[in-house]
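Data block for protein.cif (mmCIF, C-alpha atoms):
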data_input
#
loop_
_atom_site.group_PDB
_atom_site.id
_atom_site.type_symbol
_atom_site.label_atom_id
_atom_site.label_comp_id
_atom_site.auth_asym_id
_atom_site.auth_seq_id
_atom_site.Cartn_x
_atom_site.Cartn_y
_atom_site.Cartn_z
ATOM 1 C CA MET O 141 -33.512 -19.782 -56.211
ATOM 2 C CA ALA O 142 -34.292 -23.254 -55.009
ATOM 3 C CA SER O 143 -34.045 -23.782 -51.287
ATOM 4 C CA GLY O 144 -31.218 -26.296 -51.505
ATOM 5 C CA GLU O 145 -29.134 -24.277 -53.933
ATOM 6 C CA THR O 146 -26.053 -22.521 -52.696
ATOM 7 C CA ARG O 147 -25.123 -19.031 -53.813
ATOM 8 C CA ALA O 148 -21.627 -17.753 -54.461
ATOM 9 C CA TYR O 149 -21.735 -14.827 -52.109
ATOM 10 C CA ARG O 150 -19.190 -12.306 -50.993
ATOM 11 C CA ARG O 151 -18.792 -9.522 -48.445
ATOM 12 C CA ILE O 152 -16.547 -6.631 -49.374
ATOM 13 C CA ASP O 153 -15.562 -4.090 -46.748
ATOM 14 C CA LEU O 154 -16.118 -0.470 -47.735
ATOM 15 C CA ASP O 155 -13.806 2.363 -46.804
ATOM 16 C CA GLN O 156 -15.120 5.170 -44.635
ATOM 17 C CA ALA O 157 -15.642 7.688 -47.438
ATOM 18 C CA GLU O 158 -17.615 5.251 -49.571
ATOM 19 C CA ALA O 159 -19.640 4.087 -46.572
ATOM 20 C CA LEU O 160 -20.653 7.641 -45.650
ATOM 21 C CA ARG O 161 -21.444 8.429 -49.277
ATOM 22 C CA LEU O 162 -23.862 5.487 -49.383
ATOM 23 C CA LEU O 163 -25.415 6.420 -46.058
ATOM 24 C CA GLY O 164 -25.998 9.924 -47.399
ATOM 25 C CA SER O 165 -27.692 8.497 -50.496
ATOM 26 C CA VAL O 166 -30.664 7.285 -48.451
ATOM 27 C CA SER O 167 -32.852 9.094 -45.924
ATOM 28 C CA LEU O 168 -33.862 6.270 -43.619
ATOM 29 C CA GLY O 169 -31.867 4.379 -41.015
ATOM 30 C CA ARG O 170 -32.040 2.927 -37.525
ATOM 31 C CA ILE O 171 -30.711 4.531 -34.365
ATOM 32 C CA VAL O 172 -29.339 2.034 -31.844
ATOM 33 C CA PHE O 173 -28.854 2.918 -28.215
ATOM 34 C CA THR O 174 -29.077 1.573 -24.705
ATOM 35 C CA ARG O 175 -32.303 2.067 -22.794
ATOM 36 C CA GLN O 176 -32.527 0.989 -19.182
ATOM 37 C CA ALA O 177 -29.515 -1.278 -19.767
ATOM 38 C CA LEU O 178 -31.251 -2.965 -22.710
ATOM 39 C CA PRO O 179 -30.455 -2.638 -26.417
ATOM 40 C CA ALA O 180 -32.967 -0.436 -28.218
ATOM 41 C CA VAL O 181 -33.498 0.398 -31.882
ATOM 42 C CA ARG O 182 -35.919 2.529 -33.853
ATOM 43 C CA PRO O 183 -36.194 3.691 -37.448
ATOM 44 C CA VAL O 184 -35.679 7.395 -38.113
ATOM 45 C CA ASN O 185 -34.739 9.558 -41.046
ATOM 46 C CA HIS O 186 -31.450 11.329 -41.308
ATOM 47 C CA VAL O 187 -29.434 13.926 -43.130
ATOM 48 C CA LEU O 188 -25.690 14.397 -43.327
ATOM 49 C CA ASP O 189 -24.651 17.813 -42.043
ATOM 50 C CA ASN O 190 -20.961 18.727 -42.202
ATOM 51 C CA GLY O 191 -20.001 15.085 -41.939
ATOM 52 C CA ASP O 192 -22.305 14.393 -38.988
ATOM 53 C CA ILE O 193 -25.542 12.432 -39.041
ATOM 54 C CA VAL O 194 -28.560 14.383 -37.828
ATOM 55 C CA ILE O 195 -31.816 12.668 -36.915
ATOM 56 C CA LEU O 196 -35.139 13.680 -35.365
ATOM 57 C CA THR O 197 -36.413 12.035 -32.234
ATOM 58 C CA HIS O 198 -39.073 12.704 -29.650
ATOM 59 C CA GLU O 199 -38.226 14.867 -26.674
ATOM 60 C CA GLY O 200 -38.247 12.855 -23.527
ATOM 61 C CA THR O 201 -37.336 9.566 -25.181
ATOM 62 C CA ALA O 202 -34.521 7.572 -23.743
ATOM 63 C CA LEU O 203 -32.151 8.675 -26.449
ATOM 64 C CA ALA O 204 -32.796 12.382 -26.034
ATOM 65 C CA ALA O 205 -32.572 12.081 -22.278
ATOM 66 C CA HIS O 206 -29.305 10.191 -22.498
ATOM 67 C CA ALA O 207 -27.851 12.590 -25.037
ATOM 68 C CA GLN O 208 -28.245 15.448 -22.574
ATOM 69 C CA GLN O 209 -25.492 14.307 -20.250
ATOM 70 C CA SER O 210 -24.593 16.965 -17.749
ATOM 71 C CA ASP O 211 -20.911 16.784 -18.624
ATOM 72 C CA GLY O 212 -21.609 17.462 -22.289
ATOM 73 C CA THR O 213 -19.889 14.331 -23.560
ATOM 74 C CA GLY O 214 -23.015 12.837 -25.069
ATOM 75 C CA VAL O 215 -23.672 9.128 -25.206
ATOM 76 C CA VAL O 216 -22.414 6.576 -27.675
ATOM 77 C CA VAL O 217 -24.958 5.322 -30.186
ATOM 78 C CA ALA O 218 -24.836 3.306 -33.374
ATOM 79 C CA TYR O 219 -26.599 4.229 -36.584
ATOM 80 C CA GLU O 220 -27.305 1.765 -39.361
ATOM 81 C CA ALA O 221 -28.569 2.278 -42.887
ATOM 82 C CA ASP O 222 -28.765 -0.231 -45.674
ATOM 83 C CA ALA O 223 -30.145 -0.913 -49.130
ATOM 84 C CA ILE O 224 -30.520 -4.651 -49.424
ATOM 85 C CA ASP O 225 -32.659 -6.263 -52.092
ATOM 86 C CA PRO O 226 -35.406 -8.259 -50.342
ATOM 87 C CA ASP O 227 -35.195 -11.034 -52.932
ATOM 88 C CA THR O 228 -31.490 -11.399 -53.731
ATOM 89 C CA HIS O 229 -30.297 -9.948 -50.403
ATOM 90 C CA LEU O 230 -27.524 -8.175 -52.268
ATOM 91 C CA GLY O 231 -26.733 -4.546 -51.534
ATOM 92 C CA TRP O 232 -24.918 -2.679 -48.807
ATOM 93 C CA SER O 233 -25.036 -1.864 -45.110
ATOM 94 C CA VAL O 234 -23.267 0.901 -43.226
ATOM 95 C CA VAL O 235 -22.887 1.236 -39.459
ATOM 96 C CA VAL O 236 -21.670 4.409 -37.771
ATOM 97 C CA THR O 237 -20.747 4.572 -34.099
ATOM 98 C CA GLY O 238 -20.287 7.872 -32.333
ATOM 99 C CA TYR O 239 -21.382 10.327 -29.678
ATOM 100 C CA ALA O 240 -24.909 11.721 -29.817
ATOM 101 C CA HIS O 241 -25.721 15.285 -28.817
ATOM 102 C CA ILE O 242 -28.950 17.245 -28.792
ATOM 103 C CA VAL O 243 -28.839 20.062 -31.362
ATOM 104 C CA SER O 244 -29.549 23.222 -29.391
ATOM 105 C CA ASP O 245 -28.153 25.984 -31.629
ATOM 106 C CA PRO O 246 -31.282 27.665 -33.112
ATOM 107 C CA LEU O 247 -29.650 28.363 -36.479
ATOM 108 C CA VAL O 248 -28.366 24.814 -36.867
ATOM 109 C CA LEU O 249 -31.699 23.478 -35.659
ATOM 110 C CA THR O 250 -33.622 25.484 -38.234
ATOM 111 C CA ARG O 251 -31.345 24.283 -41.016
ATOM 112 C CA VAL O 252 -31.475 20.589 -40.174
ATOM 113 C CA LEU O 253 -35.188 20.607 -39.388
ATOM 114 C CA GLY O 254 -35.756 22.064 -42.839
ATOM 115 C CA LEU O 255 -33.795 19.213 -44.362
ATOM 116 C CA LEU O 256 -35.552 16.567 -42.282
ATOM 117 C CA ARG O 257 -39.063 17.964 -42.635
ATOM 118 C CA PRO O 258 -40.242 15.954 -45.659
ATOM 119 C CA TRP O 259 -40.772 12.871 -43.548
ATOM 120 C CA ALA O 260 -42.141 13.966 -40.236
ATOM 121 C CA PRO O 261 -43.648 17.374 -39.637
ATOM 122 C CA VAL O 262 -41.910 19.192 -36.833
ATOM 123 C CA GLU O 263 -43.808 18.861 -33.604
ATOM 124 C CA GLY O 264 -43.050 20.392 -30.265
ATOM 125 C CA ARG O 265 -41.850 17.049 -29.002
ATOM 126 C CA ASP O 266 -39.304 16.491 -31.772
ATOM 127 C CA GLN O 267 -35.647 17.164 -31.157
ATOM 128 C CA ALA O 268 -32.722 16.958 -33.498
ATOM 129 C CA VAL O 269 -29.817 14.772 -32.423
ATOM 130 C CA ARG O 270 -26.377 15.024 -34.004
ATOM 131 C CA ILE O 271 -24.132 11.961 -34.211
ATOM 132 C CA HIS O 272 -20.462 12.566 -34.863
ATOM 133 C CA PRO O 273 -18.996 9.473 -36.585
ATOM 134 C CA GLU O 274 -16.089 8.017 -34.637
ATOM 135 C CA LEU O 275 -16.168 4.609 -36.287
ATOM 136 C CA VAL O 276 -17.603 3.927 -39.738
ATOM 137 C CA THR O 277 -17.902 0.444 -41.183
ATOM 138 C CA GLY O 278 -19.602 -0.656 -44.342
ATOM 139 C CA VAL O 279 -20.047 -3.867 -46.234
ATOM 140 C CA LEU O 280 -21.015 -4.545 -49.800
ATOM 141 C CA LEU O 281 -23.005 -7.770 -50.229
ATOM 142 C CA THR O 282 -22.352 -9.037 -53.705
ATOM 143 C CA GLU O 283 -22.222 -12.189 -55.754
ATOM 144 C CA ALA O 284 -18.762 -13.664 -56.016
ATOM 145 C CA GLY O 285 -17.203 -12.920 -59.363
ATOM 146 C CA GLY O 286 -19.988 -10.592 -60.432
ATOM 147 C CA THR O 287 -19.918 -6.835 -60.712
ATOM 148 C CA THR O 288 -22.315 -4.948 -58.496
ATOM 149 C CA ARG O 289 -23.547 -1.448 -59.087
ATOM 150 C CA LEU O 290 -24.042 0.576 -55.939
ATOM 151 C CA THR O 291 -27.452 2.158 -55.659
ATOM 152 C CA ASP O 292 -27.514 5.863 -55.032
ATOM 153 C CA MET X 129 -43.719 17.010 -51.748
ATOM 154 C CA ALA X 130 -42.278 20.499 -51.424
ATOM 155 C CA SER X 131 -39.795 20.984 -48.644
ATOM 156 C CA GLY X 132 -41.947 23.408 -46.682
ATOM 157 C CA GLU X 133 -45.115 21.368 -46.896
ATOM 158 C CA THR X 134 -46.299 19.546 -43.836
ATOM 159 C CA ARG X 135 -47.750 16.050 -43.941
ATOM 160 C CA ALA X 136 -50.575 14.741 -41.811
ATOM 161 C CA TYR X 137 -48.804 11.810 -40.305
ATOM 162 C CA ARG X 138 -49.752 9.258 -37.716
ATOM 163 C CA ARG X 139 -48.178 6.463 -35.720
ATOM 164 C CA ILE X 140 -50.410 3.565 -34.745
ATOM 165 C CA ASP X 141 -49.196 1.005 -32.236
ATOM 166 C CA LEU X 142 -49.544 -2.598 -33.344
ATOM 167 C CA ASP X 143 -50.458 -5.439 -31.040
ATOM 168 C CA GLN X 144 -47.990 -8.265 -30.505
ATOM 169 C CA ALA X 145 -49.664 -10.755 -32.841
ATOM 170 C CA GLU X 146 -49.865 -8.312 -35.718
ATOM 171 C CA ALA X 147 -46.286 -7.160 -35.115
ATOM 172 C CA LEU X 148 -44.939 -10.717 -35.232
ATOM 173 C CA ARG X 149 -47.017 -11.475 -38.310
ATOM 174 C CA LEU X 150 -45.438 -8.537 -40.126
ATOM 175 C CA LEU X 151 -41.949 -9.494 -38.978
ATOM 176 C CA GLY X 152 -42.529 -12.977 -40.327
ATOM 177 C CA SER X 153 -43.610 -11.554 -43.685
ATOM 178 C CA VAL X 154 -40.075 -10.348 -44.437
ATOM 179 C CA SER X 155 -36.745 -12.170 -44.284
ATOM 180 C CA LEU X 156 -34.360 -9.338 -43.437
ATOM 181 C CA GLY X 157 -33.839 -7.469 -40.180
ATOM 182 C CA ARG X 158 -31.175 -6.021 -37.907
ATOM 183 C CA ILE X 159 -29.805 -7.649 -34.794
ATOM 184 C CA VAL X 160 -28.914 -5.174 -32.047
ATOM 185 C CA PHE X 161 -26.604 -6.084 -29.212
ATOM 186 C CA THR X 162 -23.897 -4.754 -26.963
ATOM 187 C CA ARG X 163 -20.287 -5.243 -27.988
ATOM 188 C CA GLN X 164 -17.492 -4.160 -25.673
ATOM 189 C CA ALA X 165 -19.983 -1.917 -23.867
ATOM 190 C CA LEU X 166 -20.948 -0.210 -27.140
ATOM 191 C CA PRO X 167 -24.189 -0.528 -29.098
ATOM 192 C CA ALA X 168 -23.779 -2.713 -32.184
ATOM 193 C CA VAL X 169 -26.076 -3.537 -35.084
ATOM 194 C CA ARG X 170 -25.842 -5.652 -38.206
ATOM 195 C CA PRO X 171 -28.273 -6.801 -40.880
ATOM 196 C CA VAL X 172 -29.132 -10.495 -40.978
ATOM 197 C CA ASN X 173 -31.916 -12.640 -42.326
ATOM 198 C CA HIS X 174 -34.370 -14.419 -40.116
ATOM 199 C CA VAL X 175 -37.101 -17.003 -39.920
ATOM 200 C CA LEU X 176 -39.815 -17.482 -37.335
ATOM 201 C CA ASP X 177 -39.616 -20.907 -35.705
ATOM 202 C CA ASN X 178 -42.254 -21.815 -33.133
ATOM 203 C CA GLY X 179 -42.710 -18.159 -32.246
ATOM 204 C CA ASP X 180 -38.986 -17.503 -31.874
ATOM 205 C CA ILE X 181 -36.791 -15.524 -34.260
ATOM 206 C CA VAL X 182 -33.842 -17.500 -35.630
ATOM 207 C CA ILE X 183 -30.934 -15.778 -37.370
ATOM 208 C CA LEU X 184 -27.540 -16.807 -38.714
ATOM 209 C CA THR X 185 -24.378 -15.171 -37.473
ATOM 210 C CA HIS X 186 -20.668 -15.861 -37.672
ATOM 211 C CA GLU X 187 -19.103 -18.063 -35.035
ATOM 212 C CA GLY X 188 -16.806 -16.055 -32.851
ATOM 213 C CA THR X 189 -18.615 -12.765 -33.340
ATOM 214 C CA ALA X 190 -19.472 -10.756 -30.306
ATOM 215 C CA LEU X 191 -23.075 -11.837 -30.428
ATOM 216 C CA ALA X 192 -22.359 -15.553 -30.615
ATOM 217 C CA ALA X 193 -19.786 -15.283 -27.871
ATOM 218 C CA HIS X 194 -22.192 -13.378 -25.642
ATOM 219 C CA ALA X 195 -25.036 -15.773 -26.331
ATOM 220 C CA GLN X 196 -22.976 -18.630 -24.934
ATOM 221 C CA GLN X 197 -23.180 -17.503 -21.343
ATOM 222 C CA SER X 198 -21.971 -20.167 -18.974
ATOM 223 C CA ASP X 199 -25.141 -19.984 -16.907
ATOM 224 C CA GLY X 200 -27.348 -20.649 -19.935
ATOM 225 C CA THR X 201 -29.435 -17.514 -19.536
ATOM 226 C CA GLY X 202 -28.369 -16.004 -22.846
ATOM 227 C CA VAL X 203 -28.000 -12.293 -23.414
ATOM 228 C CA VAL X 204 -30.645 -9.733 -24.168
ATOM 229 C CA VAL X 205 -30.720 -8.477 -27.736
ATOM 230 C CA ALA X 206 -33.124 -6.435 -29.828
ATOM 231 C CA TYR X 207 -34.235 -7.339 -33.321
ATOM 232 C CA GLU X 208 -35.756 -4.867 -35.732
ATOM 233 C CA ALA X 209 -37.462 -5.369 -39.075
ATOM 234 C CA ASP X 210 -39.350 -2.842 -41.114
ATOM 235 C CA ALA X 211 -40.910 -2.144 -44.485
ATOM 236 C CA ILE X 212 -40.866 1.598 -44.937
ATOM 237 C CA ASP X 213 -41.333 3.243 -48.306
ATOM 238 C CA PRO X 214 -38.166 5.232 -49.103
ATOM 239 C CA ASP X 215 -40.186 8.024 -50.703
ATOM 240 C CA THR X 216 -43.304 8.387 -48.567
ATOM 241 C CA HIS X 217 -41.711 6.900 -45.423
ATOM 242 C CA LEU X 218 -44.967 5.139 -44.699
ATOM 243 C CA GLY X 219 -44.996 1.499 -43.638
ATOM 244 C CA TRP X 220 -44.269 -0.374 -40.457
ATOM 245 C CA SER X 221 -41.492 -1.208 -38.012
ATOM 246 C CA VAL X 222 -41.351 -3.988 -35.446
ATOM 247 C CA VAL X 223 -38.877 -4.339 -32.578
ATOM 248 C CA VAL X 224 -38.502 -7.523 -30.547
ATOM 249 C CA THR X 225 -36.474 -7.703 -27.351
ATOM 250 C CA GLY X 226 -35.507 -11.006 -25.812
ATOM 251 C CA TYR X 227 -32.840 -13.483 -24.808
ATOM 252 C CA ALA X 228 -30.514 -14.875 -27.471
ATOM 253 C CA HIS X 229 -29.237 -18.452 -27.391
ATOM 254 C CA ILE X 230 -27.010 -20.406 -29.731
ATOM 255 C CA VAL X 231 -28.981 -23.211 -31.408
ATOM 256 C CA SER X 232 -27.080 -26.376 -30.567
ATOM 257 C CA ASP X 233 -29.680 -29.118 -31.105
ATOM 258 C CA PRO X 234 -28.624 -30.788 -34.413
ATOM 259 C CA LEU X 235 -32.190 -31.462 -35.549
ATOM 260 C CA VAL X 236 -33.326 -27.907 -34.870
ATOM 261 C CA LEU X 237 -30.149 -26.582 -36.457
ATOM 262 C CA THR X 238 -30.698 -28.574 -39.649
ATOM 263 C CA ARG X 239 -34.269 -27.349 -39.893
ATOM 264 C CA VAL X 240 -33.558 -23.665 -39.382
ATOM 265 C CA LEU X 241 -30.449 -23.682 -41.549
ATOM 266 C CA GLY X 242 -32.559 -25.120 -44.342
ATOM 267 C CA LEU X 243 -35.013 -22.263 -43.941
ATOM 268 C CA LEU X 244 -32.292 -19.623 -43.771
ATOM 269 C CA ARG X 245 -30.137 -21.012 -46.591
ATOM 270 C CA PRO X 246 -31.557 -18.957 -49.491
ATOM 271 C CA TRP X 247 -29.622 -15.885 -48.441
ATOM 272 C CA ALA X 248 -26.255 -16.997 -47.191
ATOM 273 C CA PRO X 249 -24.787 -20.429 -47.897
ATOM 274 C CA VAL X 250 -23.993 -22.247 -44.697
ATOM 275 C CA GLU X 251 -20.329 -21.990 -43.853
ATOM 276 C CA GLY X 252 -18.446 -23.528 -41.001
ATOM 277 C CA ARG X 253 -18.326 -20.192 -39.261
ATOM 278 C CA ASP X 254 -22.093 -19.633 -39.298
ATOM 279 C CA GLN X 255 -24.142 -20.297 -36.203
ATOM 280 C CA ALA X 256 -27.861 -20.087 -35.683
ATOM 281 C CA VAL X 257 -29.069 -17.893 -32.834
ATOM 282 C CA ARG X 258 -32.578 -18.144 -31.411
ATOM 283 C CA ILE X 259 -34.251 -15.084 -29.926
ATOM 284 C CA HIS X 260 -37.247 -15.685 -27.709
ATOM 285 C CA PRO X 261 -39.482 -12.583 -27.813
ATOM 286 C CA GLU X 262 -40.065 -11.161 -24.351
ATOM 287 C CA LEU X 263 -41.185 -7.735 -25.535
ATOM 288 C CA VAL X 264 -42.714 -7.037 -28.936
ATOM 289 C CA THR X 265 -43.543 -3.545 -30.132
ATOM 290 C CA GLY X 266 -44.669 -2.433 -33.541
ATOM 291 C CA VAL X 267 -45.720 0.780 -35.151
ATOM 292 C CA LEU X 268 -47.651 1.496 -38.295
ATOM 293 C CA LEU X 269 -46.591 4.720 -40.010
ATOM 294 C CA THR X 270 -49.565 6.027 -41.909
ATOM 295 C CA GLU X 271 -51.124 9.189 -43.206
ATOM 296 C CA ALA X 272 -53.681 10.662 -40.866
ATOM 297 C CA GLY X 273 -57.201 9.939 -42.020
ATOM 298 C CA GLY X 274 -56.059 7.640 -44.776
ATOM 299 C CA THR X 275 -56.290 3.902 -44.978
ATOM 300 C CA THR X 276 -53.047 2.005 -45.192
ATOM 301 C CA ARG X 277 -52.621 -1.476 -46.563
ATOM 302 C CA LEU X 278 -50.028 -3.515 -44.775
ATOM 303 C CA THR X 279 -47.474 -5.074 -47.065
ATOM 304 C CA ASP X 280 -47.015 -8.780 -46.720
#
Just give me the structure of the file as structure tokens.
Amino acid sequence: MASGETRAYRRIDLDQAEALRLLGSVSLGRIVFTRQALPAVRPVNHVLDNGDIVILTHEGTALAAHAQQSDGTGVVVAYEADAIDPDTHLGWSVVVTGYAHIVSDPLVLTRVLGLLRPWAPVEGRDQAVRIHPELVTGVLLTEAGGTTRLTD
Amino acid sequence: MASGETRAYRRIDLDQAEALRLLGSVSLGRIVFTRQALPAVRPVNHVLDNGDIVILTHEGTALAAHAQQSDGTGVVVAYEADAIDPDTHLGWSVVVTGYAHIVSDPLVLTRVLGLLRPWAPVEGRDQAVRIHPELVTGVLLTEAGGTTRLTD
């Protein structure tokens, strides 16, 4: 597309079920949290487990430390995944906001680590963190008037 | 790769120049900021302009509102871009942290809007936001022992 050309472009909000379905169709996303009062973000892989998002992170990182609040409430994080074409910039993006907790149950840990293993081998410093979705938003980026097939 | 198989996997830190070069080689990233005391993230496109990252966002969004601090200091945001293979999960990720400011100079605005136009047509509600990198981190995700070609 020429630089001066305008594109008929549309954003369509997705409902929660469709947004989570799309998020579950990919394995990579970005965890967003607060670190020393500054916004922080890093790419991780994820699985959906009983409606929650489970990711692996390094023990001792800011996120893991924050998620181990003494009162058990966890900390609020955001999680984003998308599939956006680098050329057309059409696709979708989903953002989940919710409390993060370290996964400590050995049985649950074994199950989710098995699911997450294909990316990063489990090391002693890796911990699983569970994010329970409180707020789910998703947007479909499409051309106005056109039909767009969701990738999954 | 079978589920039980482990992968020799390595993270290599990138220096600032290489990290910014990679970020500039793609046009899509995720802006990370704080909204009503909660972490927020959304995908946007970007250009590099004199070493700063410039993105488009909607006027009146939390980010734009925050970036218009009365004392002119801006707000601290993070910006993440990556190119990670969805199958092998190898690639790179770059995170920039810095102050965000609304671009108000008409000449600068015209220039950066021209660069950003190919994705989203300029609407009245779009504003350009400039992020001056204070902290740049990047990681190369590669197989141990192997050579990895950076995509650009």
Take the PyMOL selection byres ((chain O and resi 242-247) around 6), apply it to the structure above, and return the hits as a PDB file with C-alpha atoms, in the frame of the given file.
ATOM      1  CA  HIS O 241     -25.721  15.285 -28.817  1.00  0.00           C
ATOM      2  CA  VAL O 248     -28.366  24.814 -36.867  1.00  0.00           C
ATOM      3  CA  LEU O 249     -31.699  23.478 -35.659  1.00  0.00           C
ATOM      4  CA  THR O 250     -33.622  25.484 -38.234  1.00  0.00           C
ATOM      5  CA  ALA O 268     -32.722  16.958 -33.498  1.00  0.00           C
ATOM      6  CA  VAL O 269     -29.817  14.772 -32.423  1.00  0.00           C
TER       7      VAL O 269
END
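Using all atoms listed in the file, the smallest distance between any of X:Thr225, X:Gln164, X:Asn178, X:Thr201 and chain O comes from X:Thr225.
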Check what the PyMOL selection byres ((chain O and resi 281) around 8) selects in the file above and give those residues as a PDB file with C-alpha atoms, in the coordinates of the input.
ATOM      1  CA  TYR O 149     -21.735 -14.827 -52.109  1.00  0.00           C
ATOM      2  CA  ARG O 150     -19.190 -12.306 -50.993  1.00  0.00           C
ATOM      3  CA  ARG O 151     -18.792  -9.522 -48.445  1.00  0.00           C
ATOM      4  CA  ILE O 152     -16.547  -6.631 -49.374  1.00  0.00           C
ATOM      5  CA  HIS O 229     -30.297  -9.948 -50.403  1.00  0.00           C
ATOM      6  CA  LEU O 230     -27.524  -8.175 -52.268  1.00  0.00           C
ATOM      7  CA  GLY O 231     -26.733  -4.546 -51.534  1.00  0.00           C
ATOM      8  CA  TRP O 232     -24.918  -2.679 -48.807  1.00  0.00           C
ATOM      9  CA  VAL O 279     -20.047  -3.867 -46.234  1.00  0.00           C
ATOM     10  CA  LEU O 280     -21.015  -4.545 -49.800  1.00  0.00           C
ATOM     11  CA  THR O 282     -22.352  -9.037 -53.705  1.00  0.00           C
ATOM     12  CA  GLU O 283     -22.222 -12.189 -55.754  1.00  0.00           C
TER      13      GLU O 283
END
Counting only C-alpha atoms, figure out which residue out of O:Ala218, O:Leu154, O:Leu196, O:Val252 gets nearest to Arg170 (chain O). O:Ala218
When you draw a straight line from CA of Arg149 (chain X) to CA of Gly202 (chain X), how long is it in Å?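 CA of Arg149 (chain X) sits 24.6 Å away from CA of Gly202 (chain X).
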Would you mind reading off the distance between CA of Val203 (chain X) and CA of Val160 (chain X), one decimal, in Å?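 Interatomic distance, CA of Val203 (chain X) to CA of Val160 (chain X): 11.2 Å.
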Name the residues in contact with Val217 (chain O) at a cut-off of 12 Å, using all atoms listed in the file, excluding same-chain residues fewer than 6 positions from it; report them as number ranges by chain. O: 170-175, 179-182, 193, 202-204, 206-207, 235-241, 269-275; X: 160-163, 165-169
